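One structure is given below, encoded as structure tokens.
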Amino acid sequence: MSLIAVKLDEQFLWNVIRFECSDSFYASLWVDGFIILVIQDMDSADEQNGNGSHEALPPPPPDVPPNVVPVKAEPEPFKKKAVRVPIARRGLGSKGQKMPLLTNHFKVNVTNTEGYFFHYSVSLTYEDGRPVDGKGVGRKVIDRVHETYDTEFGKDFAYDGEKSLFTVGALPRNKLEFTVVLEDVLSNRNNGNASPDGHGSPNEGDRKRLRRPYHSKTFKVEISFAAKIPMQAIANALRGQESENSQEAFRVLDIILRQHAAKQGCLLVRQSFFHNDPKNFVDLGGGVLGCRGFHSSFRTSQGGLSLNIDVSTTMIIQPGPVVDFLIANQNVRDPFSLDWAKAKRTLKNLRVKASPSNQEYKITGLSEKTCKEQLFQLKQKNGGDGGAEAVEITVYDYFVNHRNIDLRYSGDLPCINVGKPKRPTYIPLELCSLVSLQRYTKALSTLQRSSLVEKSRQKPQERMTVLSNALKSSKYDAEPMLRSCGISISPSFTQVEGRVLSAPKLKVGNGEDFFPRNGRWNFNNKKLVEPSRIEKWAVVNFSARCDIRNLVQNLTKCAEMKGIPIEDPFNVFEENPQSRRSPPVLRVEKMFEQIQSRLPGQPKFLLCLLPERKNSDIYGPWKRKNLAEFGIVTQCIAPQRVNDQYITNVLLKINAKLGGLNSMLAVEHSPSLPLVSNVPTLILGMDVSHGSPGQSDVPSIAAVVSSRQWPLISRYRACVRTQSPKLEMIDSLFKRVSETEDEGIIRELLLDFYVTSGKRKPDQIIIFSGDEDVKLRDGVSESQFNQVLNIELDQINEACKFLDEKWSPKFVVIVAQKNHHTKFFQPGSPDNVPPGTVIDNKVCHPRNNDFYLCAHAGMIGTTRPTHYHVLLDEVGFSADDLQELVHSLSYVYQRSTTAISVVAPICYAHLAASQMGQFIKFEDMSETSSSHGGVTSAGAVPVPQLPKLQEKVCNSMFFC
């Protein structure tokens with residue numbers, strides 16, 4: 001073997017590594033910038049192989065002279081990829097009629113910007129060193145520290161209830177240790193089968209394990225310095241210079257607000273707080289109450305620092321007797337009709353108070369047997385020797401005979417268990433009452449949701465009064481921490497200037513133009529701009545009660561008036577009454593057998609009548625069968641009141657699905673949209689929808705819709721994929737599977753644009769991303785912005801480059817945010833702001849390019865504006881042109897005759913995701929799962945894939 005050290009260039013190194021000749025080999029290794037070559041001796045290699053020939057071997061490398069000093073190779077400089085950040089505002093818009101408005105932001109003055117917030121880390125342990133993990137205990141312990149050691153502590157503080165504590169200025173020392181004693185701490189560490197009121201007499205062996213909830217407890221508290229945050233960072237953020245420090249400083253301010261609410265006994269949910277006041281509760285049915293409270297957060301804006309206060313609603317469990325809640329929750333007559341397995345799931349982890357002790361516990365489960373049958377061991381003192389003996393006794397007997405508590409009805413019902421599974425502690429059901437302000441986190445039913453919407457509506461003037469009163473009653477001026485920050489809050493709503501943009505001109509049939517009024521229009525005496533033909537169609541009825549003959553007549557008459565050529569339906573297929581109780585998939589299969597046996601060929605369109613108006617379990621399997629297996633366009637209806645307006649709305653959907661257009665913008669017909677009509681422009685709308693709260697195993701559905709047939713911006717097609725549950729980012733925009741294959745969403749949409757737009761590639765791509773399901777800290781969306789700007793945009797760019805390396809389209813990226821708490825009001829008017837109202841001053845970001853738009857007419861409640869964040873604009877739109885484009889895209893939604901609150905591409909993406917999500921809702925996940933999906937956070941759980949839509953419908957607006 002020979003060892004040689006040489007300085008080599010990279011190409012030569014590559015050749016050396018790859019070089020193989022006969023049975024000799026070269027191996028190489030980088031060592032501190034030069035290469036060690038290991039060369040096997042040729043003769044020994046040949047001898048090992050029984051081969052004496054050297055003819056095929058290359059000559060050995062020349063010897064390196066002894067005086068050669070190896071040159072250290074400098075590593076190639078690593079090019080770090082530039083991170084895109086949101087662009088700065090280029091100017092304010094000026095179009096539209098000016099209008100003074102008020103907003104629910106209250107001006108904040110900060111005088112102490114020279115000081116520092118000191119951040120301390122808090123460690124709480126029990127006496128024996130176990131960490132304290134119970135939520136809510138932390139605040140009680142820290143409050144006791146403040147009371148007991150006031151002179152040593154010597155400062156007001158803001159505590160987040162867990163591991164962080166903040167003060168203005170430093171504490172006396174960098175590390176402080178305290179010991180405090182607390183009574184009445186809610187503990188889940190109850191003893192075993194002793195009675196919850198502690199009347200059993202445990203023996204010595206059990207005494208250590210016994211944790212009486214009403215006994216005092218000793219806590220050790222360690223508070224140690226973690227960081228120093230300059231309050232100057234707040235002033236910097238108001239100039240648009242945001243940094244990690246400013247985010248931390250605002251976090252401190254928000255923690256002060258949370259602590260202030262916690263002191264008043266409020267339920268805290270993110271940045272909202274809810275008082276325990278029955279006046280704020282509305283019954284939604286099913287044992288669930290809507291609880292009205294307030295959101296409050298500090299916001300940086302062009303007008304300085306403001307406090308944003310808004311009405312907020314959360315769902316809570318109906319407080320009071322557990323049995324009343326269960327009866328309401330399961331909608332039964334009495335406790336003897338309850339499903340106890342379901343009750344056990346519903347009650348787990350809820351907090352109850354037990355009478356007569358009024359002690360609070362957490363429910364861990366239910367007893368296996370009824371109260372009269374459930375035995376436990378009661379330890380009693382022995383009369384003679386003073387020892388203790390265990391007697392087996394029923395829970396019922398113990399409470400009735402030993403405690404003299406009269407039990408009226410719970411003897412034949414299970415008991416509530418508030419102990420550990422292996423060491424249960426049982427309490428009869430009727431002695432337990434649910435504590436108030438416990439959140440209900442499951443998905444609401446359709447009825448509950450509509451009841452919540454109806455009962456939490458507030459007209460603009462009512463909302464303003466409620467908010468003014470909330471600010472007064474919050475008494476922020478008495479909060480010591482805010483005072484030490486030098487913060488004072490103005491009691492009046494901030495004034496801003498709004499501008500009302502004119503509604504865009506729309507085009508309908510026969511070349512007719514018209515202007516919508518107040519964000520609305522109708523098709524009375526008007527024809528559709530591009531009607532499609534309804535032919536080869538049939539009606540399918542899944543046991544809905546309906547006069548079908550009359551319905552078809554009305555549909556035909558209305559279609560003809562709108563200019564839609566319509567044939568008579570082939571047939572009406574009625575479901576066999578015996579099939580009604582079959583599973584949904586089977587009902588659909590049987591219906592299709594009937595259709596196939598009686599029709600001459602495959603229909604082009606099926607009108608489907610469903611028995612339930614919302615959440616019909618037939619909907620998903622029916623859509624899947626039609627779209628994925630047969631490629632048939634279908635429209636589902638559940639007619640209740642059939643009138644002209646209803647029929648017109650149904651026809652608008654059918655026409656769009658069959659390839660027609662109902663109305664369009666006059667500027668796309670001319671075409672004269674600024675910067676969009678003269679350069680091939682693709683518009684994308686992106687949205688992700690997730691399973692209901694608490695469903696961690698249901699895949700998320702990502703949908704992207706794209707405009708087609710440029711220069712139109714009214715026609716779209718969709719591409720939908722499943723991905724790992726709760727994943728916010730779309731992970732399949734670009735999916736390279738080989739050197740020449742990309743299976744991502746964007747490739748499919750780019751090719752469609754190319755084919756439908758006269759073989760032109762888009763030179764401009766405008767991306768709208770929705771945040772319907774994203775819960776952002778209000779006003780700080782950095783994580784989502786970064787994800788769209790740097791991860792998703794990179795994938796879209798890669799998909800473009802994969803099709804053509806030289807192709808570099810310009811991008812515009814806009815996030816539409818609905819989950820925020822800014823509202824606008826007309827001073828002195830009971831009405832909502834008019835449709836088309838845009839605001840880009842005063843309450844907008846001090847640096848970034850954002851604006852609020854109320855495109856729609858708020859008919860009920862208070863209008864919620866959409867907050868648009870322009871993250872990137874390589875095209876160079878003026879503020880007016882971009883606001884006009886966004887406004888116009890609120891008027892191209894083919895399903896309705898009103899302007900909508902958020903641009904149509906995002907609404908379509910949301911519709912497509914929801915509709916295709918129904919495909920997998922009723923399936924056994926294991927049957928459809930595929931390793932192509934992704935993996936969930938819980939481990940390698942495959943994500944079921946959506947079936948591919950048939951060619952005939954995948955380019956249509958099937959989601960409309």
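By convention here, the chains of the structure tokens are called A, B, ... in the order presented, each chain's residues are numbered starting at 1, and ligands are numbered starting at 1 in the order presented.
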
Query - Selection near stretch 615-629 of chain A, 9 Å with only C-alpha atoms, sequence-local residues under 3 positions removed, as a ChimeraX atom specification - result: /A:446,542,583-585,587-589,592,606,608,610-612,632-634,636,915-923,947-950,952-954,958

Query raised in the report: What's the 7 Å shell around stretch 364-381 of chain A, counting only C-alpha atoms, without same-chain residues fewer than 6 positions away, as a PyMOL selection string?
Result: chain A and resi 193-194+200-202+344+348-349+387-396+410-420+428

Query raised in the report: Which of these, A:Asp406, A:Asp160, A:Asp687, A:Glu479, has the shortest distance to A:Ala913 once you count only C-alpha atoms?
Result: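 Result for the nearest residue to A:Ala913: A:Asp687.
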
Show me a table, sorted first by chain and then by increasing residue number, of the residues of stretch 826-928 of chain A having an atom at most 8 Å from stretch 809-822 of chain A, each with its shortest atom pair and the distance in Å to one decimal, counting only C-alpha atoms and written as CSV.
```
residue,atom,partner,partner_atom,distance
A:Arg864,CA,A:Lys818,CA,7.6
A:Pro865,CA,A:Lys818,CA,7.3
A:Thr866,CA,A:Lys818,CA,5.3
A:His867,CA,A:Gln817,CA,5.0
A:Tyr868,CA,A:Ala816,CA,4.6
A:His869,CA,A:Val815,CA,5.1
A:Val870,CA,A:Ile814,CA,4.5
A:Leu871,CA,A:Val813,CA,5.4
A:Leu872,CA,A:Val813,CA,5.0
A:Asp873,CA,A:Val812,CA,4.4
A:Glu874,CA,A:Lys810,CA,5.4
A:Val875,CA,A:Lys810,CA,6.0
A:Val902,CA,A:Ala816,CA,7.3
```
